[in-house]
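One structure is given here, and the rest of the page talks about it.
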Amino acid sequence: MRFGTFELDARAGELRRKGVKVKLQEQPFQVLAMLLERPGELVTREELQKRLWAEDTFVDFDHSLNAAVKRLRDALGDSADNPRFVETLARRGYRFVAPVNGHAGDGNDAAGQAVDSATVPEKRRRWWLIGPIAALAAACISVGVHIGKRAPGGVLPREVRLTANSADAPIYYASLSPDGGYVAYTDPRGLFVREIATEESHPLTLPAGLRVQTLSWYPDGSHLLAQAMTDSEDDWSLWSIPVLGGAPRKLVDDAVGARVSPDGKQISFARGDQKNFNRSEIWVMGPDGAQAHVAINVPGFVVGPPAWSPDSTKLAYLKDVYWPGYEQEDVQIETFDLKTGKSEVVLSDYKLRYGLAWTRDGRIFFSEAEAPPNQGESNVWFVRVDKNGQREGDPQRLTSGPDWKPVINASEDGKRVLFIRTNIVPTIYVADLSAKTREIVKLERLTLDERSNRPYEWSVDGKSVFYLSFREEGSRIYRQEIGAATPEQIPGVRSSPNILRLNPEGTEILYSAERPDSAEAQNGAAKQSTTSAAQNGPKAEDSAAPFDARRVGLMRIPTGGGTAKVLLEASGVNNFQCARAPAKECIFSQFTKDGLLFIEFDAKSGEKKRQVLRVDEPEWQYYNWSLSPDGRMLALAKEHRAAETEIRLVPTRGGAERILHVKDWQGVTTLDWAADGKTFWASAMLRREARALINIDLQGHARVVLQETKPYMGWAIPSRDGKKLALWESAGGSNAWTLQEF
């Protein structure tokens, strides 16, 4: 079947464009095939549901179908607003509106007939909101911003790779010179400048202990503005680094996200209460660091460096209004006039991501994540703005396909746009542990695919790992035996799990999922015990401040699969763990408006028993925690840049807490008790240099177990007998690319 420049081969299950195979997942392919069977006719959502999902399949149908159609349009370079191929008929279904040549039957008949374009009904253009998308789009409607997205002319520009680093040396950050002839980048080896025409790279000499995170070029191309940190500092500072030789010079302390204005007379950077999410400050200073002052008080969290307007009078920044556990987040691109103090909302979309670039032809380039379940991918777009920073026209897509693509910057003339293309994902490894030394005896990779996989539990016999794998249709729970080539999916799991644990006996999987089946959730809540406050203290809900947090359900299902049931439902749940039998404690943590609650619950009845702890100290949002195997102790730690890490040990049954001081190690991002409850497994950084898996005893002494050059190392889960360890490390690569000829 042929339409436009595309050809669909139903027998081979392939979609080709000008003879080149187009990547298209199974569900979008089936949608396209069904539409081509009846071109020009309405194919209802109910018909698509029957084709794509069996009657006994539990799925958020509206959301999944919308995602499948969006993926199809992305592959075709089509637009819902101005469709060339797939038209949406509000709340009814879809219709294929382009001429089709060929036969859309069972694929065995080569003969076919053409559908005359005159028979295709007139295209309709409507705006609407369907199901859960309504809440996410509310912010756009409230500010009068409507995002109609399309590719310019239906043809995407050419993507050219600038660097060819291996997976062992991923590109951390890159910046394109104003003339588009050079790219400066950082990787695990240091800071480099590469001439694009000759493909030659040269290292830049930095002072010992200075590590660069982000980069920006001065307009004359002779210096780089770098956000960096030394071994003796706890905060980021800004440095001017000569490209042609010479000593780097510090400009200002306590600054992030810096950019030099096109006229070279100003530097913008962020400073202030960044960690509280609700307030950020954008500062402006001279090129030598003098006359620094607050230019913009932003009600929200500024994501990434602001971008200067071509005339150096305005800034564009990405603002995220968010609170941990909140139902929605409002992400916007805003422009701000430094002379008038007037701001303009350019775009509003919760999928907007890191990186902005503003070129002299009036385009702002940005990155946007794909809709779930493909939120691990993002693509490059642009929108035009006038001289006042107000939007002109609809955003236009420039890239398509997999990988994460944050925009970094563009050449001054806008003819080259640089972005990072990364496919780094978590991969699971398993290891044998020495009982005496807690050293890794043997380390081997468990998951052999390129999907995002994260381990959470071991089977009781220590032979298998339970993990979450993020697939095209959302996350799924898998069980894989050590040495097995492929995993086994747990049947009967409903919704898209966020976290999984085992109950104390190890006989059931407990997992969290947003928006579980509402009827069963209500039934589960109704069955919960109403133990009196006189016996167990105040109810958990009574302690929480009014807070429009997302509803999360804890589900239960046998470890071998079966029927998933709602155990309990609560708002703002972000983590939960259970002790191991004979202990029975299970605890979940819950975001409120101004603190983090720890609630004990029953793994069989779902009864919320009592409030164990409330944390409302500064930066409470960043706590990571773990429940000891005997259920008697909570360990809490948050990522610090200070000289040492602190771990809080809080008894769950009453008693005085104490603090463990772990010297030299910062950035503890994960914390899990060892099987015997005598040590912790943690992912941390030694003096901000290399991330490692460490083992910490109850006196605060840390020992390196595994150190890697890979950029990310996650948590480690011990088997119940303590003889094995399951951990995740990053796998994949990251390189700098440009868009050209668009």
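We label chains A, B, ... in the order they appear in the structure tokens, count residues from 1 in each chain, and number ligands from 1 in the order shown.
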Might you pull out every residue within 12 Å of Pro287 (chain A), with only C-alpha atoms counted and same-chain residues fewer than 2 positions away left off, and present them as a PyMOL selection string?
-> chain A and resi 217-219+223-225+238-240+249-252+258-269+284-285+289-292
For N, CA and C atoms, I'd like the residues from the last selection saved as a tab-separated table (two decimals), in the first residue's frame.
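Written file, part_36.tsv:
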chain	number	residue	atom	x	y	z
A	217	TRP	N	30.34	29.95	24.84
A	217	TRP	CA	31.39	30.70	24.15
A	217	TRP	C	31.19	32.20	24.31
A	218	TYR	N	32.30	32.93	24.43
A	218	TYR	CA	32.26	34.38	24.26
A	218	TYR	C	32.07	34.68	22.77
A	219	PRO	N	31.45	35.80	22.43
A	219	PRO	CA	31.13	36.08	21.01
A	219	PRO	C	32.33	36.09	20.08
A	223	HIS	N	37.40	32.80	24.12
A	223	HIS	CA	37.29	32.28	25.49
A	223	HIS	C	36.02	31.44	25.64
A	224	LEU	N	36.06	30.59	26.64
A	224	LEU	CA	34.89	29.82	27.05
A	224	LEU	C	34.47	30.27	28.44
A	225	LEU	N	33.18	30.37	28.64
A	225	LEU	CA	32.63	30.61	29.98
A	225	LEU	C	32.20	29.26	30.53
A	238	LEU	N	31.92	30.38	38.25
A	238	LEU	CA	32.07	30.65	36.83
A	238	LEU	C	33.52	31.03	36.53
A	239	TRP	N	34.03	30.49	35.43
A	239	TRP	CA	35.42	30.69	35.04
A	239	TRP	C	35.49	31.11	33.57
A	240	SER	N	36.47	31.97	33.28
A	240	SER	CA	36.79	32.32	31.90
A	240	SER	C	38.01	31.51	31.49
A	249	ARG	N	40.49	31.93	34.62
A	249	ARG	CA	40.30	32.94	35.67
A	249	ARG	C	38.89	32.83	36.23
A	250	LYS	N	38.80	32.77	37.57
A	250	LYS	CA	37.48	32.72	38.20
A	250	LYS	C	36.83	34.10	38.15
A	251	LEU	N	35.51	34.10	37.83
A	251	LEU	CA	34.76	35.35	37.73
A	251	LEU	C	33.86	35.58	38.93
A	252	VAL	N	33.15	34.54	39.39
A	252	VAL	CA	32.19	34.72	40.47
A	252	VAL	C	31.90	33.36	41.11
A	258	ALA	N	25.29	29.53	33.13
A	258	ALA	CA	25.73	30.83	32.63
A	258	ALA	C	25.76	30.88	31.11
A	259	ARG	N	25.48	32.07	30.57
A	259	ARG	CA	25.59	32.35	29.14
A	259	ARG	C	26.11	33.77	28.94
A	260	VAL	N	26.91	33.97	27.88
A	260	VAL	CA	27.40	35.29	27.51
A	260	VAL	C	26.45	35.89	26.48
A	261	SER	N	26.12	37.16	26.62
A	261	SER	CA	25.23	37.83	25.67
A	261	SER	C	25.91	37.96	24.31
A	262	PRO	N	25.14	38.04	23.22
A	262	PRO	CA	25.74	38.14	21.88
A	262	PRO	C	26.65	39.33	21.70
A	263	ASP	N	26.39	40.44	22.40
A	263	ASP	CA	27.28	41.60	22.27
A	263	ASP	C	28.50	41.51	23.17
A	264	GLY	N	28.59	40.45	23.98
A	264	GLY	CA	29.75	40.23	24.82
A	264	GLY	C	29.85	41.13	26.04
A	265	LYS	N	28.81	41.90	26.32
A	265	LYS	CA	28.88	42.87	27.41
A	265	LYS	C	28.25	42.38	28.71
A	266	GLN	N	27.52	41.24	28.67
A	266	GLN	CA	26.81	40.77	29.86
A	266	GLN	C	26.92	39.25	29.97
A	267	ILE	N	26.85	38.78	31.19
A	267	ILE	CA	26.79	37.35	31.48
A	267	ILE	C	25.58	37.11	32.37
A	268	SER	N	24.74	36.16	31.98
A	268	SER	CA	23.60	35.77	32.82
A	268	SER	C	23.92	34.46	33.52
A	269	PHE	N	23.38	34.30	34.73
A	269	PHE	CA	23.54	33.05	35.46
A	269	PHE	C	22.43	32.95	36.50
A	284	VAL	N	22.60	39.04	36.36
A	284	VAL	CA	23.35	39.56	35.22
A	284	VAL	C	24.56	40.31	35.76
A	285	MET	N	25.70	40.14	35.09
A	285	MET	CA	26.92	40.85	35.49
A	285	MET	C	27.72	41.21	34.24
A	289	GLY	N	32.89	39.86	35.50
A	289	GLY	CA	32.35	39.48	36.80
A	289	GLY	C	31.92	40.63	37.67
A	290	ALA	N	32.05	41.87	37.20
A	290	ALA	CA	31.70	43.04	38.01
A	290	ALA	C	30.21	43.37	37.88
A	291	GLN	N	29.73	44.14	38.85
A	291	GLN	CA	28.36	44.68	38.86
A	291	GLN	C	27.30	43.58	38.76
A	292	ALA	N	27.50	42.49	39.48
A	292	ALA	CA	26.49	41.42	39.49
A	292	ALA	C	25.26	41.87	40.26
Residues at most 7 Å from region 596-604 of chain A, counting only C-alpha atoms, excluding those fewer than 4 positions away in the same chain, as a list in words?
->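 What passes the distance filter is Asn503, Ala540, Glu585, Cys586, Ile587, Phe588, Ser589, Gln590, Phe591, Thr592, Lys608, Lys609, Arg610, Gln611, Val612, Leu613, Arg614, Val615, Asp616 and Trp620 of chain A.
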Writer output for current selection, C-alpha atoms, as a short mmCIF file (atom, residue, chain, number, x, y, z; two decimals), in the first residue's frame:
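Resulting contents of out.cif:
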data_model
loop_
_atom_site.label_atom_id
_atom_site.label_comp_id
_atom_site.auth_asym_id
_atom_site.auth_seq_id
_atom_site.Cartn_x
_atom_site.Cartn_y
_atom_site.Cartn_z
CA ASN A 503 5.88 -8.54 51.27
CA ALA A 540 -2.05 9.63 58.47
CA GLU A 585 6.60 -3.69 59.37
CA CYS A 586 5.83 -2.03 56.04
CA ILE A 587 6.22 1.74 55.60
CA PHE A 588 5.46 4.19 52.82
CA SER A 589 6.61 7.81 52.58
CA GLN A 590 4.16 10.50 51.56
CA PHE A 591 4.77 14.02 50.25
CA THR A 592 2.69 16.75 51.84
CA LYS A 608 -2.72 2.48 57.56
CA LYS A 609 -1.63 1.95 61.14
CA ARG A 610 0.26 4.97 62.40
CA GLN A 611 2.57 7.84 61.55
CA VAL A 612 6.15 6.76 62.24
CA LEU A 613 7.99 9.98 61.40
CA ARG A 614 7.57 13.45 59.95
CA VAL A 615 10.49 15.24 58.28
CA ASP A 616 10.18 18.96 57.52
CA TRP A 620 13.38 17.45 53.06
#
Could you pull the residues within 10 Å of Val243 (chain A), counting only C-alpha atoms, minus those fewer than 4 positions along the same chain, as a ChimeraX atom specification?
-> /A:184,192-193,202-205,217,221-224,247-248
Save out the residues we just selected, all heavy atoms, as an mmCIF file, in the first residue's frame.
data_model
loop_
_atom_site.group_PDB
_atom_site.id
_atom_site.type_symbol
_atom_site.label_atom_id
_atom_site.label_comp_id
_atom_site.auth_asym_id
_atom_site.auth_seq_id
_atom_site.Cartn_x
_atom_site.Cartn_y
_atom_site.Cartn_z
ATOM 1 N N ALA A 184 33.137 22.910 21.642
ATOM 2 C CA ALA A 184 33.842 22.615 22.890
ATOM 3 C C ALA A 184 33.010 21.602 23.659
ATOM 4 O O ALA A 184 31.776 21.712 23.707
ATOM 5 C CB ALA A 184 34.027 23.886 23.711
ATOM 6 N N PHE A 192 37.724 19.683 25.850
ATOM 7 C CA PHE A 192 38.311 19.634 24.520
ATOM 8 C C PHE A 192 37.632 20.658 23.607
ATOM 9 O O PHE A 192 36.477 21.033 23.810
ATOM 10 C CB PHE A 192 38.149 18.241 23.896
ATOM 11 C CG PHE A 192 38.795 17.139 24.679
ATOM 12 C CD1 PHE A 192 38.126 16.535 25.727
ATOM 13 C CD2 PHE A 192 40.075 16.703 24.375
ATOM 14 C CE1 PHE A 192 38.714 15.519 26.457
ATOM 15 C CE2 PHE A 192 40.675 15.694 25.102
ATOM 16 C CZ PHE A 192 39.995 15.095 26.144
ATOM 17 N N VAL A 193 38.380 21.086 22.562
ATOM 18 C CA VAL A 193 37.830 21.891 21.482
ATOM 19 C C VAL A 193 38.082 21.146 20.175
ATOM 20 O O VAL A 193 39.209 20.716 19.902
ATOM 21 C CB VAL A 193 38.465 23.299 21.430
ATOM 22 C CG1 VAL A 193 38.020 24.029 20.165
ATOM 23 C CG2 VAL A 193 38.075 24.101 22.655
ATOM 24 N N HIS A 202 41.468 19.069 20.375
ATOM 25 C CA HIS A 202 42.622 19.459 21.165
ATOM 26 C C HIS A 202 42.187 19.653 22.613
ATOM 27 O O HIS A 202 41.195 20.327 22.884
ATOM 28 C CB HIS A 202 43.229 20.758 20.626
ATOM 29 C CG HIS A 202 43.590 20.699 19.172
ATOM 30 N ND1 HIS A 202 44.740 20.092 18.722
ATOM 31 C CD2 HIS A 202 42.941 21.149 18.068
ATOM 32 C CE1 HIS A 202 44.793 20.178 17.399
ATOM 33 N NE2 HIS A 202 43.710 20.820 16.978
ATOM 34 N N PRO A 203 42.917 19.081 23.570
ATOM 35 C CA PRO A 203 42.570 19.270 24.986
ATOM 36 C C PRO A 203 42.967 20.664 25.456
ATOM 37 O O PRO A 203 43.958 21.237 25.001
ATOM 38 C CB PRO A 203 43.379 18.191 25.700
ATOM 39 C CG PRO A 203 44.556 17.956 24.795
ATOM 40 C CD PRO A 203 44.065 18.161 23.393
ATOM 41 N N LEU A 204 42.186 21.210 26.382
ATOM 42 C CA LEU A 204 42.511 22.476 27.024
ATOM 43 C C LEU A 204 43.057 22.186 28.418
ATOM 44 O O LEU A 204 42.508 21.349 29.144
ATOM 45 C CB LEU A 204 41.280 23.376 27.115
ATOM 46 C CG LEU A 204 40.656 23.827 25.787
ATOM 47 C CD1 LEU A 204 39.530 24.823 26.056
ATOM 48 C CD2 LEU A 204 41.688 24.445 24.867
ATOM 49 N N THR A 205 44.113 22.893 28.786
ATOM 50 C CA THR A 205 44.744 22.678 30.091
ATOM 51 C C THR A 205 43.954 23.396 31.174
ATOM 52 O O THR A 205 43.648 24.585 31.064
ATOM 53 C CB THR A 205 46.189 23.200 30.085
ATOM 54 O OG1 THR A 205 46.912 22.525 29.054
ATOM 55 C CG2 THR A 205 46.854 22.942 31.424
ATOM 56 N N TRP A 217 30.340 29.950 24.841
ATOM 57 C CA TRP A 217 31.393 30.696 24.149
ATOM 58 C C TRP A 217 31.195 32.199 24.310
ATOM 59 O O TRP A 217 30.064 32.700 24.295
ATOM 60 C CB TRP A 217 31.382 30.376 22.658
ATOM 61 C CG TRP A 217 31.914 29.021 22.301
ATOM 62 C CD1 TRP A 217 31.235 27.834 22.402
ATOM 63 C CD2 TRP A 217 33.196 28.707 21.763
ATOM 64 N NE1 TRP A 217 32.018 26.798 21.971
ATOM 65 C CE2 TRP A 217 33.241 27.306 21.557
ATOM 66 C CE3 TRP A 217 34.317 29.461 21.439
ATOM 67 C CZ2 TRP A 217 34.350 26.650 21.048
ATOM 68 C CZ3 TRP A 217 35.434 28.811 20.915
ATOM 69 C CH2 TRP A 217 35.443 27.422 20.723
ATOM 70 N N GLY A 221 34.859 34.159 20.198
ATOM 71 C CA GLY A 221 35.394 32.811 20.035
ATOM 72 C C GLY A 221 36.741 32.575 20.668
ATOM 73 O O GLY A 221 37.341 31.515 20.458
ATOM 74 N N SER A 222 37.227 33.516 21.482
ATOM 75 C CA SER A 222 38.565 33.370 22.059
ATOM 76 C C SER A 222 38.545 32.752 23.447
ATOM 77 O O SER A 222 39.577 32.280 23.927
ATOM 78 C CB SER A 222 39.255 34.736 22.126
ATOM 79 O OG SER A 222 38.545 35.604 23.008
ATOM 80 N N HIS A 223 37.402 32.795 24.123
ATOM 81 C CA HIS A 223 37.294 32.281 25.485
ATOM 82 C C HIS A 223 36.024 31.437 25.635
ATOM 83 O O HIS A 223 35.058 31.575 24.875
ATOM 84 C CB HIS A 223 37.241 33.429 26.504
ATOM 85 C CG HIS A 223 38.544 34.126 26.696
ATOM 86 N ND1 HIS A 223 39.104 34.944 25.742
ATOM 87 C CD2 HIS A 223 39.419 34.130 27.754
ATOM 88 C CE1 HIS A 223 40.247 35.429 26.193
ATOM 89 N NE2 HIS A 223 40.464 34.949 27.402
ATOM 90 N N LEU A 224 36.059 30.590 26.641
ATOM 91 C CA LEU A 224 34.891 29.821 27.050
ATOM 92 C C LEU A 224 34.468 30.267 28.438
ATOM 93 O O LEU A 224 35.312 30.514 29.304
ATOM 94 C CB LEU A 224 35.193 28.324 27.082
ATOM 95 C CG LEU A 224 35.467 27.635 25.746
ATOM 96 C CD1 LEU A 224 36.026 26.237 25.979
ATOM 97 C CD2 LEU A 224 34.196 27.568 24.907
ATOM 98 N N ALA A 247 45.956 31.010 31.390
ATOM 99 C CA ALA A 247 45.415 30.492 32.641
ATOM 100 C C ALA A 247 43.929 30.834 32.775
ATOM 101 O O ALA A 247 43.530 31.981 32.537
ATOM 102 C CB ALA A 247 46.186 31.073 33.819
ATOM 103 N N PRO A 248 43.077 29.877 33.154
ATOM 104 C CA PRO A 248 41.676 30.175 33.452
ATOM 105 C C PRO A 248 41.562 31.138 34.623
ATOM 106 O O PRO A 248 42.418 31.164 35.522
ATOM 107 C CB PRO A 248 41.091 28.804 33.805
ATOM 108 C CG PRO A 248 42.001 27.820 33.145
ATOM 109 C CD PRO A 248 43.363 28.438 33.225
#
Near region 413-415 of chain A, counting only C-alpha atoms, which residues have an atom at most 10 Å away, once you skip same-chain residues fewer than 2 positions from it, shown as a list in words?
->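 Neighbouring residues, sequence-local ones excluded: Pro178, Asp179, Gly180, Pro310, Ala357, Trp358, Thr359, Arg360, Asp361, Gly362, Arg363, Ile364, Phe365, Asn409, Ala410, Ser411, Val417, Thr738, Leu739, Gln740, Glu741 and Phe742 of chain A.
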One decimal, Å: what's the distance from CA of Pro83 (chain A) over to CA of Leu32 (chain A), could you say?
->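 Here the two named atoms are 14.1 Å from each other.
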Could you check which of A:Gln666, A:Asn165, A:Gln332, A:Ser626 is closest to Thr645 (chain A), using only C-alpha atoms?
->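 Closest candidate: A:Gln666.
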State, in Å with one decimal place, the distance from CA of Leu215 (chain A) to CA of Ala174 (chain A).
-> 6.8 Å
Closest to Pro207 (chain A) among A:Asp231, A:Glu159, A:Asp74, A:Asp62, using only C-alpha atoms?
->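 Smallest distance to Pro207 (chain A) is found for A:Asp231.
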Please measure the separation of CA of Ile659 (chain A) and CA of Pro718 (chain A), giving the value in Å to one decimal.
->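 About the pair CA of Ile659 (chain A) and CA of Pro718 (chain A): they are 23.5 Å apart.
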Of A:Arg421, A:His661, A:Arg51, A:Arg438, the one sitting nearest Gly401 (chain A) when using only C-alpha atoms is A:Arg421
Find the residues around Trp381 (chain A) up to 9 Å (only C-alpha atoms counted), leave out those fewer than 6 positions away in its own chain, and share them as a VMD selection string.
-> chain A and resid 149 151 364 to 368 395 to 399
Polymer residues at most 9 Å from region 487-491 of chain A, only C-alpha atoms, same-chain spacing of 3 or more positions, as a list in words =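 That gives Thr447, Arg476, Ile477, Tyr478, Arg479, Gln480, Glu481, Ala484, Arg494, Thr559, Gly560, Gly561, Gly562 and Thr563 of chain A.
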Spatial neighbours of region 570-580 of chain A, 9 Å, only C-alpha atoms, chain gap at least 3 places, as a VMD selection string | chain A and resid 324 to 327 499 to 506 511 to 512 541 547 to 554 583 to 592 603 624 to 632 720
Please dump the current selection as a compact mmCIF listing (two decimals), in the first residue's frame; keep N, CA and C atoms.
# COMPACT_ATOMS: atom_id res chain seq x y z
N PRO A 324 7.25 18.35 44.92
CA PRO A 324 7.33 16.90 44.98
C PRO A 324 5.97 16.26 45.29
N GLY A 325 5.61 15.27 44.49
CA GLY A 325 4.36 14.56 44.70
C GLY A 325 3.15 15.24 44.13
N TYR A 326 3.31 16.43 43.57
CA TYR A 326 2.16 17.20 43.09
C TYR A 326 1.55 16.52 41.86
N GLU A 327 0.26 16.71 41.69
CA GLU A 327 -0.46 16.07 40.60
C GLU A 327 0.03 16.55 39.23
N ILE A 499 7.39 1.35 41.47
CA ILE A 499 8.33 0.70 42.40
C ILE A 499 7.75 -0.66 42.73
N LEU A 500 8.60 -1.66 42.93
CA LEU A 500 8.11 -2.96 43.39
C LEU A 500 8.91 -3.41 44.60
N ARG A 501 8.24 -4.09 45.52
CA ARG A 501 8.87 -4.73 46.69
C ARG A 501 8.19 -6.08 46.90
N LEU A 502 8.76 -6.89 47.79
CA LEU A 502 8.10 -8.11 48.23
C LEU A 502 7.51 -7.89 49.61
N ASN A 503 6.43 -8.60 49.92
CA ASN A 503 5.88 -8.54 51.27
C ASN A 503 6.85 -9.23 52.24
N PRO A 504 6.66 -9.09 53.54
CA PRO A 504 7.63 -9.67 54.49
C PRO A 504 7.90 -11.15 54.28
N GLU A 505 6.88 -11.92 53.89
CA GLU A 505 7.07 -13.37 53.70
C GLU A 505 7.70 -13.70 52.34
N GLY A 506 7.74 -12.73 51.42
CA GLY A 506 8.29 -12.98 50.09
C GLY A 506 7.36 -13.74 49.19
N TYR A 511 3.46 -3.39 44.50
CA TYR A 511 4.00 -2.36 43.61
C TYR A 511 3.10 -1.14 43.62
N SER A 512 3.72 0.01 43.36
CA SER A 512 2.97 1.26 43.32
C SER A 512 2.68 1.62 41.88
N GLU A 541 -3.85 10.75 57.25
CA GLU A 541 -4.41 11.86 56.48
C GLU A 541 -4.59 13.10 57.34
N PHE A 547 -3.28 19.30 50.12
CA PHE A 547 -2.25 19.18 49.10
C PHE A 547 -2.81 18.40 47.93
N ASP A 548 -2.82 19.02 46.76
CA ASP A 548 -3.38 18.38 45.57
C ASP A 548 -2.34 17.46 44.95
N ALA A 549 -2.00 16.40 45.67
CA ALA A 549 -0.96 15.48 45.20
C ALA A 549 -1.58 14.38 44.35
N ARG A 550 -0.73 13.73 43.56
CA ARG A 550 -1.22 12.65 42.72
C ARG A 550 -1.62 11.46 43.58
N ARG A 551 -2.65 10.77 43.14
CA ARG A 551 -3.11 9.58 43.85
C ARG A 551 -2.30 8.38 43.38
N VAL A 552 -1.81 7.62 44.34
CA VAL A 552 -0.99 6.45 44.05
C VAL A 552 -1.61 5.25 44.74
N GLY A 553 -1.71 4.16 44.03
CA GLY A 553 -2.22 2.93 44.61
C GLY A 553 -1.10 1.94 44.84
N LEU A 554 -1.14 1.26 45.98
CA LEU A 554 -0.24 0.13 46.21
C LEU A 554 -1.02 -1.14 45.86
N ALA A 583 9.56 -10.25 61.01
CA ALA A 583 9.09 -8.87 61.18
C ALA A 583 7.94 -8.62 60.20
N LYS A 584 7.06 -7.68 60.53
CA LYS A 584 5.88 -7.42 59.70
C LYS A 584 5.78 -5.97 59.25
N GLU A 585 6.72 -5.11 59.69
CA GLU A 585 6.60 -3.69 59.37
C GLU A 585 6.68 -3.42 57.87
N CYS A 586 5.77 -2.59 57.39
CA CYS A 586 5.83 -2.03 56.04
C CYS A 586 5.56 -0.53 56.18
N ILE A 587 6.32 0.28 55.46
CA ILE A 587 6.22 1.74 55.60
C ILE A 587 6.22 2.38 54.22
N PHE A 588 5.36 3.38 54.03
CA PHE A 588 5.46 4.19 52.82
C PHE A 588 5.70 5.64 53.22
N SER A 589 6.39 6.37 52.36
CA SER A 589 6.61 7.81 52.58
C SER A 589 5.66 8.59 51.69
N GLN A 590 5.24 9.74 52.20
CA GLN A 590 4.16 10.50 51.56
C GLN A 590 4.51 11.99 51.55
N PHE A 591 4.55 12.58 50.36
CA PHE A 591 4.77 14.02 50.25
C PHE A 591 3.53 14.78 50.72
N THR A 592 3.74 15.79 51.53
CA THR A 592 2.69 16.75 51.84
C THR A 592 3.18 18.12 51.35
N ALA A 603 0.61 -5.19 55.22
CA ALA A 603 0.79 -5.71 53.86
C ALA A 603 -0.33 -6.65 53.44
N ASN A 624 16.44 10.24 50.69
CA ASN A 624 16.30 8.85 50.27
C ASN A 624 16.33 8.01 51.54
N TRP A 625 15.59 6.91 51.58
CA TRP A 625 15.53 6.16 52.83
C TRP A 625 15.43 4.67 52.58
N SER A 626 15.70 3.90 53.65
CA SER A 626 15.63 2.45 53.58
C SER A 626 15.21 1.91 54.94
N LEU A 627 14.40 0.86 54.94
CA LEU A 627 13.93 0.20 56.16
C LEU A 627 14.79 -1.02 56.43
N SER A 628 15.26 -1.16 57.68
CA SER A 628 16.13 -2.28 58.03
C SER A 628 15.37 -3.60 57.89
N PRO A 629 16.09 -4.71 57.65
CA PRO A 629 15.42 -6.00 57.45
C PRO A 629 14.55 -6.42 58.63
N ASP A 630 14.92 -6.01 59.86
CA ASP A 630 14.10 -6.37 61.02
C ASP A 630 12.99 -5.36 61.30
N GLY A 631 12.90 -4.32 60.48
CA GLY A 631 11.83 -3.34 60.62
C GLY A 631 11.99 -2.36 61.76
N ARG A 632 13.11 -2.37 62.45
CA ARG A 632 13.27 -1.55 63.66
C ARG A 632 13.93 -0.19 63.40
N ARG A 720 18.44 -12.21 50.13
CA ARG A 720 18.06 -12.35 51.54
C ARG A 720 19.11 -13.06 52.37
Based on DSSP run over this structure's backbone, return all residues of region 367-485 of chain A in strand (DSSP E), as a PyMOL selection string.
-> chain A and resi 367-369+378-385+391-397+407-410+417-422+425-433+440-445+452-458+464-471+474-481
Using only C-alpha atoms, which of A:Ala226, A:Val566, A:Ala167, A:Glu26 sits nearest Glu607 (chain A)?
-> A:Val566
